[in-house]
Amino acid sequence: MAIGGIFWLTCTCVVSHTYDMKEARFESSTDVVGWLQSEAAELWPALLGSLSFRRSPCVRDNCPACMSGEQHPSYVLYGRLKGRRVAVYVPEELVPAVRRGLDNGRALQELLQHAAPRYVKALKRERTEASKSKKS
C-alpha cells in the first residue's frame, strides 16, 4: 500500500472513531452489537496466526537446489490450537488469500478492542436507566 493510501486509511479511521465516540454516549448495547456485526461482516475470512516464508532442504540425495544452498522455498502458516503451536503448509498460489485473511483477522481484533468499552458503557448506562425507572 502506498504512503498516501496509509494516510487516507489512518485519517478515515480517526474521523470514524471520533464520530463513533461522540455517538457512544447515546447508543444502546443493541446498537453496539449491530455496529460490530455490520463492521465485521466485511472482514471475512478472518484468520489468526503468522505466515512465514522459509527455505528448507528436501529428503532427496544430491538435490541440486539443496547442494547449492538454495534449498526449497515454501510458506507456512503458524498458529496455536489448544495451547500448542501448529504449522500448516501453504501452497504459493494460496498465499495472497491467506495474507488477506490474516489482515482481516488483525482488523477484526482491532474492531473488538473498540467494541468492548462501548458495549460495557452501554450496558452500564442501561442498568442505570433501569434502576432510575424502578425508583420512579
# chains A, B, ... in the order shown; residues from 1 in each chain; ligands from 1

call {"tool": "select_by_dssp", "arguments": {"residues": "chain A", "states": "alpha helix (DSSP H)", "output": "ChimeraX atom specification"}}
result
/A:3-24,29-40,64-67,95-135

call {"tool": "residues_around", "arguments": {"residues": "region 29-42 of chain A", "least_positions_apart": "3", "cutoff": "7 Å", "atoms": "only C-alpha atoms", "output": "PyMOL selection string"}}
result
chain A and resi 108+115+118-119+122-123

call {"tool": "atom_distance", "arguments": {"atom1": "CA of Phe53 (chain A)", "atom2": "CA of Val95 (chain A)"}}
result
10.0 Å

call {"tool": "residues_around", "arguments": {"residues": "Leu94 (chain A)", "least_positions_apart": "3", "cutoff": "12 Å", "atoms": "only C-alpha atoms", "output": "list in words"}}
result
Leu51, Ser74, Tyr75, Val76, Leu77, Tyr89, Val90, Pro91, Ala97, Val98, Arg99, Arg100 and Gly101 of chain A

call {"tool": "write_last_selection", "arguments": {"atoms": "C-alpha atoms", "output": "CSV table (one decimal), in the first residue's frame"}}
result
chain,number,residue,atom,x,y,z
A,51,LEU,CA,2.6,-16.5,7.6
A,74,SER,CA,7.8,-22.6,0.9
A,75,TYR,CA,5.2,-20.8,3.0
A,76,VAL,CA,3.9,-22.0,6.4
A,77,LEU,CA,1.0,-20.6,8.5
A,89,TYR,CA,2.0,-25.7,4.6
A,90,VAL,CA,0.5,-23.0,2.3
A,91,PRO,CA,0.9,-23.5,-1.4
A,97,ALA,CA,-5.8,-15.3,0.1
A,98,VAL,CA,-4.1,-16.3,3.4
A,99,ARG,CA,-2.5,-12.9,3.7
A,100,ARG,CA,-5.9,-11.2,3.2
A,101,GLY,CA,-7.3,-13.5,5.9

call {"tool": "select_by_dssp", "arguments": {"residues": "region 1-132 of chain A", "states": "strand (DSSP E)", "output": "MDAnalysis selection string"}}
result
chainID A and resid 50:56 72:81 84:90

call {"tool": "atom_distance", "arguments": {"atom1": "CA of Val120 (chain A)", "atom2": "CA of Lys132 (chain A)"}}
result
18.4 Å

call {"tool": "atom_distance", "arguments": {"atom1": "CA of Glu93 (chain A)", "atom2": "CA of Gly79 (chain A)"}}
result
20.0 Å
